[in-house]
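Note sheet for the following structure.
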Amino acid sequence: MRPRTVPLLTAGLLALAGTLMALPSASAATTGCRVAYRVTNQWTGGFQADVTVTNLGDPLSGWSLGFDFPDAAQHVTQGWNATWSQSGAHITATNADWNGVLATGSSTPLGFLGARADANPDPTGFTLNGVACTGATSTPPPTGAAPALKVSGNELVTSAGTPVILHGVNRSGGEFACIQGNGIWDGPMDQASVTAMRSWNVRAVRVPLNEECWLGTASVPAQYGGAAYQNEVRAYVKLLISNGVTPIVEMHWNHGQYTGPSAGCSDVRATCQKPMPDAQYAPAFWTGVASAFKGNDAVVLDLFNEPYPERATGDATAGWKCWRDGGTCPGIGYPVAGFQSLVDTVRATGATNVILLGGLAYANDLSQWLTYRPSDPTGNLAAFAHVYNFNACATTACWTSQYGPVAARVPLTLSEIGENDCAHGFVDGLMDWADARGVGYLGWTWNTWNCATGPALISDYTGTPTAFGQGLKDRLARVPS
């Protein structure tokens with residue numbers, strides 16, 4: 001992401017058995033729930049609905065019911081037996097003081113008065129404490145440390161050969177706060193924040209970094225660069241791994257002046273997205289990062305955020321050649337580190353970690369990825385793409401024709417997905433496509449920003465989802481771990 005007809009009385013059982021991965025423990029909670037929703041009366045402009053929530057899992061000492069209204073005109077105006085709130089289309093009902101305890105198999109009745117337009121469709125996608133339902137139960141195994149990964153055909157696998165698909169979120173901050181003189185991170189990077197991520201069943205977190213901050217150049221306040229920055233990155237990576245989360249360490253912003261087409265800034269410093277990595281600092285950055293994490297193949301290395309050399313060269317073929325080979329690229333005023341040289345840089349340290357590479361057009365174009373992909377002596381090279389509703393490749397037809405052949409040959413992760421409308425209809429369709437093909441995805445971003453100005457998943461660091469984030473949270477609760 002660049003920074004920045006009326007139905008009659010109805011009754012339905014909408015259920016959800018989700019899988020909330022627990023933190024390491026002797027036993028993991030059994031989860032599951034069932035929701036019955038029924039419109040008991042309706043009139044012009046309004047209606048009344050009864051909701052019955054049944055807990056099928058382990059006893060609960062507190063609960064929160066969530067669902068989305070399908071029609072924009074539907075609103076809760078008054079509710080009972082819970083505290084009701086609404087944000088956009090998303091409804092939350094939290095237990096009252098007297099009905100917070102739900103034993104296994106027990107139910108509690110709720111209800112509300114609502115407003116509507118002509119249509120009054122039943123909501124779907126009910127969740128209870130973030131677990132979305134089918135009326136079944138699930139007991140996830142205890143979670144240990146994140147496993148070492150390697151490439152096997154078109155899959156990421158553990159040392160035992162178990163396939164792993166990367167599902168999770170981005171955690172923005174390390175790419176910009178330091179160079180702006182505001183700190184090292186944006187918001188908390190502690191155990192509580194990771195526990196909140198795990199409550200969403202997040203299994204991978206992408207951590208964007210700034211090359212000048214890692215290297216401690218003169219552009220960065222001393223307290224936020226060099227060893228101080230590196231130590232913070234190492235500590236966060238270690239924390240993620242210990243919680244069973246795969247860290248993806250990524251170079252986001254880099255040094256080098258670029259003022260051509262689609263330039264994000266005219267600053268030579270690493271303060272915006274440049275079209276390609278620079279040959280001045282990028283090799284040193286990747287020598288340092290690869291050296292820091294070599295021998296720990298639980299860490300995945302993402303060489304560069306969103307290449308767009310074709311905007312500078314004016315030609316896709318020249319763009320792909322610049323992407324792979326670097327050097328003097330037309331339209332780019334600084335020497336470029338091509339991805340073959342950066343793969344070589346990482347491998348020269350002895351690091352065998354999986355490496356991720358995105359394509360052109362801000363990592364949205366993978367049309368020639370297989371043709372131009374660098375050679376890797378370890379065979380641990382995988383692909384990524386970034387997909388938003390405003391990208392060129394934003395349709396099922398494009399994903400199938402362009403991403404499908406890549407996913408058939410190498411592991412593919414959609415390492416940034418999102419939409420700029422505070423909704424999740426677009427990413428729902430994208431995740432459907434990905435799930436059918438064993439392709440991973442990570443939402444942008446686990447930051448408390450305004451989702452009206454960019455795809456922010458949460459409204460607070462305890463993990464309260466935005467309307468956009470609710471779509472990813474519901475999906476992560478039910479995709480296989």
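Identifiers in this document derive from the order of the structure tokens: chains are assigned A, B, ..., residues are numbered from 1 separately in each chain, and ligands are numbered from 1 in order of occurrence.
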
Residues within 12 Å of Glu212 in chain A, only C-alpha atoms, excluding chain neighbours under 6 positions, as an mmCIF file with N, CA and C atoms, in the first residue's frame:
```
data_model
loop_
_atom_site.group_PDB
_atom_site.id
_atom_site.type_symbol
_atom_site.label_atom_id
_atom_site.label_comp_id
_atom_site.auth_asym_id
_atom_site.auth_seq_id
_atom_site.Cartn_x
_atom_site.Cartn_y
_atom_site.Cartn_z
ATOM 1 N N GLY A 174 7.283 0.607 10.988
ATOM 2 C CA GLY A 174 8.739 0.571 10.949
ATOM 3 C C GLY A 174 9.335 1.170 9.704
ATOM 4 N N GLU A 175 8.518 1.418 8.691
ATOM 5 C CA GLU A 175 9.022 2.015 7.455
ATOM 6 C C GLU A 175 9.039 3.539 7.492
ATOM 7 N N PHE A 176 8.216 4.139 8.383
ATOM 8 C CA PHE A 176 8.091 5.595 8.320
ATOM 9 C C PHE A 176 8.377 6.336 9.626
ATOM 10 N N ALA A 177 8.036 5.772 10.772
ATOM 11 C CA ALA A 177 8.160 6.525 12.026
ATOM 12 C C ALA A 177 9.594 6.986 12.274
ATOM 13 N N CYS A 178 10.556 6.131 12.011
ATOM 14 C CA CYS A 178 11.959 6.450 12.299
ATOM 15 C C CYS A 178 12.491 7.567 11.418
ATOM 16 N N ILE A 179 12.240 7.515 10.145
ATOM 17 C CA ILE A 179 12.751 8.532 9.216
ATOM 18 C C ILE A 179 12.043 9.862 9.430
ATOM 19 N N GLN A 180 10.835 9.816 10.002
ATOM 20 C CA GLN A 180 10.094 11.036 10.304
ATOM 21 C C GLN A 180 10.425 11.582 11.686
ATOM 22 N N ALA A 218 22.758 9.262 8.273
ATOM 23 C CA ALA A 218 22.625 10.598 8.840
ATOM 24 C C ALA A 218 21.222 11.156 8.709
ATOM 25 N N SER A 219 20.391 10.567 7.877
ATOM 26 C CA SER A 219 19.022 11.032 7.688
ATOM 27 C C SER A 219 18.114 10.686 8.859
ATOM 28 N N VAL A 220 18.591 9.823 9.749
ATOM 29 C CA VAL A 220 17.740 9.270 10.806
ATOM 30 C C VAL A 220 18.232 9.726 12.175
ATOM 31 N N PRO A 221 17.345 10.234 13.055
ATOM 32 C CA PRO A 221 17.758 10.547 14.427
ATOM 33 C C PRO A 221 18.431 9.341 15.066
ATOM 34 N N ALA A 222 19.551 9.566 15.727
ATOM 35 C CA ALA A 222 20.376 8.468 16.239
ATOM 36 C C ALA A 222 19.606 7.503 17.127
ATOM 37 N N TYR A 224 16.686 6.495 16.850
ATOM 38 C CA TYR A 224 15.744 5.668 16.103
ATOM 39 C C TYR A 224 16.404 4.863 14.992
ATOM 40 N N GLY A 225 17.714 4.938 14.878
ATOM 41 C CA GLY A 225 18.403 4.258 13.786
ATOM 42 C C GLY A 225 19.501 3.336 14.254
ATOM 43 N N GLY A 226 20.099 2.644 13.320
ATOM 44 C CA GLY A 226 21.229 1.764 13.603
ATOM 45 C C GLY A 226 20.906 0.659 14.579
ATOM 46 N N ALA A 227 21.764 0.487 15.597
ATOM 47 C CA ALA A 227 21.615 -0.622 16.545
ATOM 48 C C ALA A 227 20.297 -0.570 17.285
ATOM 49 N N TYR A 229 17.390 0.562 16.257
ATOM 50 C CA TYR A 229 16.354 0.081 15.326
ATOM 51 C C TYR A 229 16.482 -1.429 15.110
ATOM 52 N N GLN A 230 17.688 -1.866 14.858
ATOM 53 C CA GLN A 230 17.923 -3.295 14.608
ATOM 54 C C GLN A 230 17.495 -4.147 15.796
ATOM 55 N N MET A 251 11.735 -4.807 3.083
ATOM 56 C CA MET A 251 12.246 -3.459 2.845
ATOM 57 C C MET A 251 11.195 -2.656 2.092
ATOM 58 N N HIS A 252 10.707 -1.603 2.724
ATOM 59 C CA HIS A 252 9.585 -0.829 2.204
ATOM 60 C C HIS A 252 10.055 0.449 1.517
ATOM 61 N N TRP A 253 10.755 1.289 2.254
ATOM 62 C CA TRP A 253 11.237 2.574 1.724
ATOM 63 C C TRP A 253 12.754 2.569 1.651
ATOM 64 N N ASN A 254 13.275 3.230 0.599
ATOM 65 C CA ASN A 254 14.716 3.224 0.361
ATOM 66 C C ASN A 254 15.228 4.567 -0.133
ATOM 67 N N HIS A 255 16.512 4.719 -0.065
ATOM 68 C CA HIS A 255 17.224 5.916 -0.504
ATOM 69 C C HIS A 255 17.236 6.002 -2.039
ATOM 70 N N GLY A 256 17.347 7.216 -2.550
ATOM 71 C CA GLY A 256 17.465 7.437 -3.983
ATOM 72 C C GLY A 256 16.436 8.415 -4.491
ATOM 73 N N VAL A 268 15.500 12.598 -1.728
ATOM 74 C CA VAL A 268 16.470 11.532 -1.913
ATOM 75 C C VAL A 268 16.442 10.551 -0.746
ATOM 76 N N ARG A 269 16.010 11.023 0.431
ATOM 77 C CA ARG A 269 15.949 10.147 1.597
ATOM 78 C C ARG A 269 14.850 9.093 1.452
ATOM 79 N N ALA A 270 14.874 8.108 2.303
ATOM 80 C CA ALA A 270 13.905 7.002 2.247
ATOM 81 C C ALA A 270 12.597 7.408 2.913
ATOM 82 N N THR A 271 11.902 8.374 2.303
ATOM 83 C CA THR A 271 10.671 8.911 2.887
ATOM 84 C C THR A 271 9.434 8.602 2.065
ATOM 85 N N CYS A 272 9.553 7.810 1.017
ATOM 86 C CA CYS A 272 8.387 7.437 0.203
ATOM 87 C C CYS A 272 8.753 6.214 -0.627
ATOM 88 N N PRO A 277 14.819 -0.752 -5.590
ATOM 89 C CA PRO A 277 15.865 -0.592 -4.582
ATOM 90 C C PRO A 277 17.093 0.101 -5.175
ATOM 91 N N ASP A 278 17.827 0.797 -4.340
ATOM 92 C CA ASP A 278 19.030 1.496 -4.780
ATOM 93 C C ASP A 278 20.261 0.632 -4.569
ATOM 94 N N GLN A 280 23.116 1.831 -3.727
ATOM 95 C CA GLN A 280 23.985 2.432 -2.722
ATOM 96 C C GLN A 280 23.816 1.774 -1.355
ATOM 97 N N TYR A 281 22.567 1.622 -0.911
ATOM 98 C CA TYR A 281 22.323 1.123 0.443
ATOM 99 C C TYR A 281 21.634 -0.250 0.511
ATOM 100 N N ALA A 282 20.860 -0.601 -0.508
ATOM 101 C CA ALA A 282 20.060 -1.833 -0.424
ATOM 102 C C ALA A 282 20.899 -3.088 -0.207
ATOM 103 N N PRO A 283 22.044 -3.248 -0.895
ATOM 104 C CA PRO A 283 22.845 -4.450 -0.614
ATOM 105 C C PRO A 283 23.324 -4.523 0.836
ATOM 106 N N ALA A 284 23.734 -3.370 1.396
ATOM 107 C CA ALA A 284 24.169 -3.375 2.796
ATOM 108 C C ALA A 284 23.008 -3.695 3.729
ATOM 109 N N PHE A 285 21.837 -3.148 3.417
ATOM 110 C CA PHE A 285 20.640 -3.455 4.212
ATOM 111 C C PHE A 285 20.382 -4.957 4.225
ATOM 112 N N TRP A 286 20.396 -5.575 3.034
ATOM 113 C CA TRP A 286 20.062 -6.995 2.977
ATOM 114 C C TRP A 286 21.186 -7.886 3.505
ATOM 115 N N GLY A 288 22.873 -7.014 6.133
ATOM 116 C CA GLY A 288 22.625 -6.923 7.570
ATOM 117 C C GLY A 288 21.416 -7.716 8.019
#
```

So that I can check the surroundings of Gly359 in chain A, please list as a count of residues only every protein, DNA and RNA residue that reaches within 9 Å of it, counting only C-alpha atoms and ignoring chain neighbours fewer than 4 positions away.
15

Extract, using only C-alpha atoms, all DNA, RNA and protein residues at most 12 Å from Leu357 in chain A, discarding same-chain residues fewer than 2 positions from it, and format them as an NGL selection string.
:A and (248 or 250-251 or 300-307 or 323-324 or 338-340 or 342-343 or 354-355 or 359-360 or 362-366 or 369-370 or 372-376 or 380-386 or 406 or 410-415)

Excluding range 311-316 of chain A and residues on its chain fewer than 6 positions from it, collect all residues at most 6 Å away from it, counting only C-alpha atoms, and give them as a list in words.
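Surrounding residues, per the criterion: Pro261, Pro330 and Gly331 of chain A.
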
Could you save those same residues with C-alpha atoms as a short mmCIF file (atom, residue, chain, number, x, y, z; two decimals), in the first residue's frame?
```
data_model
loop_
_atom_site.label_atom_id
_atom_site.label_comp_id
_atom_site.auth_asym_id
_atom_site.auth_seq_id
_atom_site.Cartn_x
_atom_site.Cartn_y
_atom_site.Cartn_z
CA PRO A 261 6.07 9.33 -13.46
CA PRO A 330 16.01 4.52 -18.06
CA GLY A 331 14.16 7.21 -16.14
#
```

Shell of 12 Å around Tyr441 in chain A, only C-alpha atoms, local chain residues under 4 positions omitted, as a VMD selection string
chain A and resid 165 to 170 202 to 206 383 to 388 411 to 418 427 to 428 430 to 435 437 445 472 475 to 476 479

Could you turn the residues from that selection into a file that holds N, CA and C atoms, as a tab-separated table (two decimals), in the first residue's frame?
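result-v3.tsv, freshly written:
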```
chain	number	residue	atom	x	y	z
A	165	ILE	N	0.22	-22.16	4.46
A	165	ILE	CA	-0.26	-21.03	3.67
A	165	ILE	C	-0.23	-19.80	4.57
A	166	LEU	N	0.36	-18.73	4.11
A	166	LEU	CA	0.52	-17.53	4.94
A	166	LEU	C	-0.77	-16.73	4.97
A	167	HIS	N	-1.39	-16.64	6.13
A	167	HIS	CA	-2.61	-15.87	6.34
A	167	HIS	C	-2.36	-14.90	7.50
A	168	GLY	N	-2.63	-13.63	7.28
A	168	GLY	CA	-2.40	-12.71	8.38
A	168	GLY	C	-2.59	-11.26	8.03
A	169	VAL	N	-1.70	-10.42	8.56
A	169	VAL	CA	-1.85	-8.97	8.45
A	169	VAL	C	-0.49	-8.32	8.24
A	170	ASN	N	-0.52	-7.09	7.80
A	170	ASN	CA	0.64	-6.22	7.80
A	170	ASN	C	0.64	-5.40	9.08
A	202	VAL	N	-4.41	-14.87	13.32
A	202	VAL	CA	-3.32	-14.42	12.46
A	202	VAL	C	-2.14	-15.38	12.59
A	203	ARG	N	-1.62	-15.84	11.46
A	203	ARG	CA	-0.47	-16.76	11.47
A	203	ARG	C	0.76	-16.19	10.78
A	204	ALA	N	0.63	-15.02	10.18
A	204	ALA	CA	1.78	-14.37	9.55
A	204	ALA	C	1.64	-12.87	9.69
A	205	VAL	N	2.72	-12.19	9.96
A	205	VAL	CA	2.73	-10.73	10.07
A	205	VAL	C	3.88	-10.19	9.22
A	206	ARG	N	3.54	-9.31	8.32
A	206	ARG	CA	4.56	-8.66	7.48
A	206	ARG	C	4.99	-7.37	8.16
A	383	ALA	N	6.73	-16.01	-4.76
A	383	ALA	CA	6.18	-14.79	-5.34
A	383	ALA	C	5.14	-14.16	-4.43
A	384	PHE	N	5.01	-12.82	-4.57
A	384	PHE	CA	3.91	-12.15	-3.91
A	384	PHE	C	3.30	-11.13	-4.85
A	385	ALA	N	2.05	-10.76	-4.58
A	385	ALA	CA	1.35	-9.69	-5.29
A	385	ALA	C	0.59	-8.86	-4.29
A	386	HIS	N	0.34	-7.60	-4.65
A	386	HIS	CA	-0.50	-6.70	-3.86
A	386	HIS	C	-1.77	-6.41	-4.65
A	387	VAL	N	-2.92	-6.54	-4.01
A	387	VAL	CA	-4.19	-6.42	-4.72
A	387	VAL	C	-5.16	-5.57	-3.93
A	388	TYR	N	-5.55	-4.46	-4.55
A	388	TYR	CA	-6.57	-3.56	-4.00
A	388	TYR	C	-7.64	-3.33	-5.05
A	411	PRO	N	5.17	-20.94	-4.70
A	411	PRO	CA	4.23	-20.45	-3.69
A	411	PRO	C	3.90	-18.98	-3.96
A	412	LEU	N	2.63	-18.63	-3.81
A	412	LEU	CA	2.19	-17.26	-4.03
A	412	LEU	C	1.43	-16.77	-2.82
A	413	THR	N	1.77	-15.58	-2.37
A	413	THR	CA	1.09	-14.92	-1.27
A	413	THR	C	0.67	-13.53	-1.72
A	414	LEU	N	-0.59	-13.17	-1.49
A	414	LEU	CA	-1.06	-11.81	-1.72
A	414	LEU	C	-0.75	-11.04	-0.45
A	415	SER	N	0.45	-10.49	-0.37
A	415	SER	CA	0.96	-9.99	0.90
A	415	SER	C	0.39	-8.64	1.30
A	416	GLU	N	-0.34	-7.98	0.43
A	416	GLU	CA	-1.18	-6.84	0.81
A	416	GLU	C	-2.50	-6.97	0.06
A	417	ILE	N	-3.61	-7.00	0.78
A	417	ILE	CA	-4.93	-6.95	0.16
A	417	ILE	C	-5.75	-5.89	0.89
A	418	GLY	N	-6.67	-5.25	0.16
A	418	GLY	CA	-7.49	-4.23	0.80
A	418	GLY	C	-8.42	-3.54	-0.17
A	427	VAL	N	-12.46	-7.73	-0.96
A	427	VAL	CA	-11.51	-8.71	-0.44
A	427	VAL	C	-12.18	-10.06	-0.19
A	428	ASP	N	-13.49	-10.09	0.08
A	428	ASP	CA	-14.18	-11.37	0.23
A	428	ASP	C	-14.05	-12.19	-1.05
A	430	LEU	N	-11.80	-11.77	-3.42
A	430	LEU	CA	-10.38	-12.08	-3.63
A	430	LEU	C	-9.95	-13.25	-2.77
A	431	MET	N	-10.38	-13.27	-1.50
A	431	MET	CA	-10.02	-14.39	-0.63
A	431	MET	C	-10.67	-15.69	-1.08
A	432	ASP	N	-11.88	-15.62	-1.63
A	432	ASP	CA	-12.51	-16.82	-2.22
A	432	ASP	C	-11.61	-17.39	-3.31
A	433	TRP	N	-11.15	-16.50	-4.20
A	433	TRP	CA	-10.26	-16.93	-5.29
A	433	TRP	C	-8.99	-17.56	-4.73
A	434	ALA	N	-8.38	-16.91	-3.77
A	434	ALA	CA	-7.13	-17.40	-3.20
A	434	ALA	C	-7.31	-18.73	-2.48
A	435	ASP	N	-8.38	-18.84	-1.68
A	435	ASP	CA	-8.61	-20.08	-0.92
A	435	ASP	C	-8.77	-21.28	-1.85
A	437	ARG	N	-7.21	-21.86	-4.43
A	437	ARG	CA	-5.94	-22.17	-5.10
A	437	ARG	C	-4.77	-22.32	-4.14
A	445	THR	N	-4.19	-2.79	7.00
A	445	THR	CA	-3.04	-2.98	7.83
A	445	THR	C	-3.49	-2.98	9.28
A	472	LEU	N	-11.85	-9.75	7.00
A	472	LEU	CA	-10.65	-10.57	7.16
A	472	LEU	C	-10.70	-11.38	8.45
A	475	ARG	N	-12.86	-14.39	8.00
A	475	ARG	CA	-12.23	-15.39	7.13
A	475	ARG	C	-11.10	-16.13	7.85
A	476	LEU	N	-10.28	-15.42	8.57
A	476	LEU	CA	-9.17	-16.07	9.28
A	476	LEU	C	-9.65	-17.05	10.33
A	479	VAL	N	-10.47	-20.35	7.89
A	479	VAL	CA	-9.56	-21.00	6.96
A	479	VAL	C	-8.67	-21.97	7.71
```

I need the residues of range 325-375 of chain A that end up classed as alpha helix (DSSP H) by DSSP on the backbone, written out as JSON, numbers by chain.
{"A": [325, 339, 340, 341, 342, 343, 344, 345, 346, 347, 348, 360, 361, 362, 363, 369, 370, 371, 372]}

Filtering to N, CA, C and O atoms, could you give me those residues as a short mmCIF file (atom, residue, chain, number, x, y, z; two decimals), in the first residue's frame?
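And here's again_12.cif as it stands now:
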```cif
data_model
loop_
_atom_site.label_atom_id
_atom_site.label_comp_id
_atom_site.auth_asym_id
_atom_site.auth_seq_id
_atom_site.Cartn_x
_atom_site.Cartn_y
_atom_site.Cartn_z
N ASP A 325 17.72 -7.11 -13.46
CA ASP A 325 19.15 -6.87 -13.65
C ASP A 325 19.67 -5.60 -12.99
O ASP A 325 20.88 -5.49 -12.76
N PHE A 339 16.89 -7.43 -8.67
CA PHE A 339 16.58 -8.49 -7.70
C PHE A 339 17.50 -9.70 -7.80
O PHE A 339 17.68 -10.41 -6.81
N GLN A 340 18.12 -9.92 -8.97
CA GLN A 340 19.10 -11.00 -9.01
C GLN A 340 20.27 -10.68 -8.07
O GLN A 340 20.73 -11.54 -7.31
N SER A 341 20.70 -9.42 -8.09
CA SER A 341 21.83 -9.06 -7.23
C SER A 341 21.45 -9.13 -5.75
O SER A 341 22.29 -9.51 -4.91
N LEU A 342 20.21 -8.79 -5.42
CA LEU A 342 19.80 -8.84 -4.01
C LEU A 342 19.60 -10.27 -3.53
O LEU A 342 19.90 -10.58 -2.37
N VAL A 343 19.11 -11.16 -4.40
CA VAL A 343 19.05 -12.58 -4.04
C VAL A 343 20.46 -13.09 -3.78
O VAL A 343 20.73 -13.77 -2.78
N ASP A 344 21.39 -12.71 -4.66
CA ASP A 344 22.78 -13.12 -4.47
C ASP A 344 23.35 -12.57 -3.16
O ASP A 344 24.10 -13.26 -2.46
N THR A 345 23.00 -11.32 -2.83
CA THR A 345 23.47 -10.70 -1.59
C THR A 345 23.01 -11.48 -0.37
O THR A 345 23.79 -11.75 0.55
N VAL A 346 21.74 -11.84 -0.36
CA VAL A 346 21.19 -12.61 0.76
C VAL A 346 21.88 -13.96 0.86
O VAL A 346 22.32 -14.39 1.95
N ARG A 347 22.02 -14.65 -0.24
CA ARG A 347 22.60 -16.00 -0.21
C ARG A 347 24.09 -15.97 0.15
O ARG A 347 24.62 -16.93 0.73
N ALA A 348 24.77 -14.87 -0.17
CA ALA A 348 26.19 -14.75 0.17
C ALA A 348 26.43 -14.76 1.67
O ALA A 348 27.54 -15.10 2.13
N LEU A 360 5.81 -6.01 -11.17
CA LEU A 360 5.73 -4.61 -11.53
C LEU A 360 4.41 -3.99 -11.08
O LEU A 360 3.59 -4.65 -10.46
N ALA A 361 4.22 -2.70 -11.42
CA ALA A 361 2.98 -1.97 -11.16
C ALA A 361 2.59 -2.04 -9.69
O ALA A 361 1.48 -2.38 -9.35
N TYR A 362 3.56 -1.70 -8.84
CA TYR A 362 3.36 -1.75 -7.39
C TYR A 362 3.03 -3.15 -6.92
O TYR A 362 2.17 -3.36 -6.07
N ALA A 363 3.72 -4.14 -7.51
CA ALA A 363 3.58 -5.56 -7.17
C ALA A 363 2.22 -6.12 -7.55
O ALA A 363 1.85 -7.19 -7.08
N TRP A 369 6.60 -12.52 -14.36
CA TRP A 369 7.39 -12.92 -13.19
C TRP A 369 8.15 -14.22 -13.45
O TRP A 369 9.34 -14.33 -13.13
N LEU A 370 7.49 -15.19 -14.03
CA LEU A 370 8.15 -16.48 -14.27
C LEU A 370 9.27 -16.36 -15.29
O LEU A 370 10.28 -17.06 -15.21
N THR A 371 9.11 -15.46 -16.26
CA THR A 371 10.14 -15.27 -17.29
C THR A 371 11.39 -14.62 -16.73
O THR A 371 12.52 -15.00 -17.07
N TYR A 372 11.21 -13.63 -15.86
CA TYR A 372 12.33 -12.84 -15.37
C TYR A 372 12.78 -13.19 -13.94
O TYR A 372 13.68 -12.54 -13.43
#
```

Tell me which protein, DNA and RNA residues are within 7 Å of range 197-201 of chain A, counting only C-alpha atoms, leaving out same-chain ones fewer than 2 positions away, and put them as a CSV table (one decimal) with all heavy atoms, in the first residue's frame.
```csv
chain,number,residue,atom,x,y,z
A,20,LEU,N,-10.0,-20.4,16.5
A,20,LEU,CA,-9.1,-19.3,17.1
A,20,LEU,C,-7.9,-20.0,17.6
A,20,LEU,O,-7.9,-20.8,18.6
A,20,LEU,CB,-9.8,-18.6,18.3
A,20,LEU,CG,-10.9,-17.6,17.9
A,20,LEU,CD1,-11.5,-17.1,19.2
A,20,LEU,CD2,-10.3,-16.5,17.1
A,21,MET,N,-6.8,-19.8,17.0
A,21,MET,CA,-5.5,-20.4,17.4
A,21,MET,C,-5.2,-19.8,18.8
A,21,MET,O,-5.1,-18.6,19.0
A,21,MET,CB,-4.4,-20.1,16.4
A,21,MET,CG,-4.6,-20.7,15.0
A,21,MET,SD,-4.4,-22.5,15.1
A,21,MET,CE,-2.6,-22.5,15.3
A,193,SER,N,-0.4,-6.8,22.1
A,193,SER,CA,-0.8,-6.6,20.7
A,193,SER,C,-0.7,-7.8,19.9
A,193,SER,O,-1.5,-8.0,19.0
A,193,SER,CB,0.1,-5.5,20.1
A,193,SER,OG,1.5,-5.9,20.0
A,194,VAL,N,0.3,-8.7,20.1
A,194,VAL,CA,0.4,-9.9,19.4
A,194,VAL,C,-0.7,-10.9,19.8
A,194,VAL,O,-1.3,-11.6,19.0
A,194,VAL,CB,1.8,-10.6,19.6
A,194,VAL,CG1,1.8,-11.9,18.9
A,194,VAL,CG2,2.9,-9.7,19.0
A,195,THR,N,-1.1,-10.9,21.1
A,195,THR,CA,-2.2,-11.7,21.6
A,195,THR,C,-3.5,-11.3,20.9
A,195,THR,O,-4.3,-12.1,20.5
A,195,THR,CB,-2.4,-11.5,23.1
A,195,THR,OG1,-1.2,-12.0,23.8
A,195,THR,CG2,-3.6,-12.3,23.6
A,203,ARG,N,-1.6,-15.8,11.5
A,203,ARG,CA,-0.5,-16.8,11.5
A,203,ARG,C,0.8,-16.2,10.8
A,203,ARG,O,1.8,-16.8,10.7
A,203,ARG,CB,-0.8,-18.1,10.8
A,203,ARG,CG,-1.6,-19.0,11.7
A,203,ARG,CD,-3.1,-18.9,11.5
A,203,ARG,NE,-3.5,-19.7,10.3
A,203,ARG,CZ,-4.7,-19.6,9.8
A,203,ARG,NH1,-5.6,-18.8,10.3
A,203,ARG,NH2,-5.1,-20.3,8.7
A,463,GLY,N,-7.7,-5.2,19.1
A,463,GLY,CA,-8.2,-6.0,17.9
A,463,GLY,C,-9.6,-5.8,17.5
A,463,GLY,O,-10.2,-6.6,16.8
A,473,LYS,N,-11.2,-10.8,9.5
A,473,LYS,CA,-11.2,-11.5,10.8
A,473,LYS,C,-12.1,-12.7,10.7
A,473,LYS,O,-11.8,-13.8,11.1
A,473,LYS,CB,-11.8,-10.6,11.9
A,473,LYS,CG,-11.9,-11.2,13.3
A,473,LYS,CD,-12.4,-10.3,14.3
A,473,LYS,CE,-12.5,-11.0,15.7
A,473,LYS,NZ,-13.1,-10.1,16.7
A,476,LEU,N,-10.3,-15.4,8.6
A,476,LEU,CA,-9.2,-16.1,9.3
A,476,LEU,C,-9.7,-17.1,10.3
A,476,LEU,O,-9.0,-18.0,10.7
A,476,LEU,CB,-8.3,-15.0,9.9
A,476,LEU,CG,-7.5,-14.1,9.0
A,476,LEU,CD1,-6.7,-13.1,9.8
A,476,LEU,CD2,-6.6,-14.9,8.0
A,477,ALA,N,-10.9,-16.8,10.9
A,477,ALA,CA,-11.4,-17.7,11.9
A,477,ALA,C,-11.8,-19.1,11.3
A,477,ALA,O,-11.9,-20.0,12.0
A,477,ALA,CB,-12.7,-17.1,12.5
```

Kindly give the distance, in Å, that separates CA of Asp460 in chain A and CA of Pro208 in chain A, rounded to a single decimal.
19.9 Å

Selection near Pro163 in chain A, 12 Å with only C-alpha atoms, sequence-local residues under 3 positions removed, as a ChimeraX atom specification:
/A:147-160,166,411,438-440,480-481

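Candidate residues A:His424, A:Ser172, A:Thr448, A:Asn243 were compared for distance to Phe468 in chain A, and the nearest is A:His424, using only C-alpha atoms.
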
Nearest candidate to Thr40 in chain A (options A:Val207, A:Val249, A:Leu457, A:Leu113; using only C-alpha atoms):
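Residue with the minimum atom-to-atom distance to Thr40 in chain A: A:Leu113.
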
A:Asn447, A:Gln48, A:Asn41, A:Thr464 ranked by distance to Gly187 in chain A, top pick (using only C-alpha atoms):
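The shortest atom-to-atom distance to Gly187 in chain A comes from A:Asn447.
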
Considering only strand (DSSP E) as DSSP defines it on the backbone, what residues of range 216-445 of chain A qualify? List them as an NGL selection string.
:A and (246-253 or 300-302 or 355-358 or 381-388 or 412-418 or 440-443)
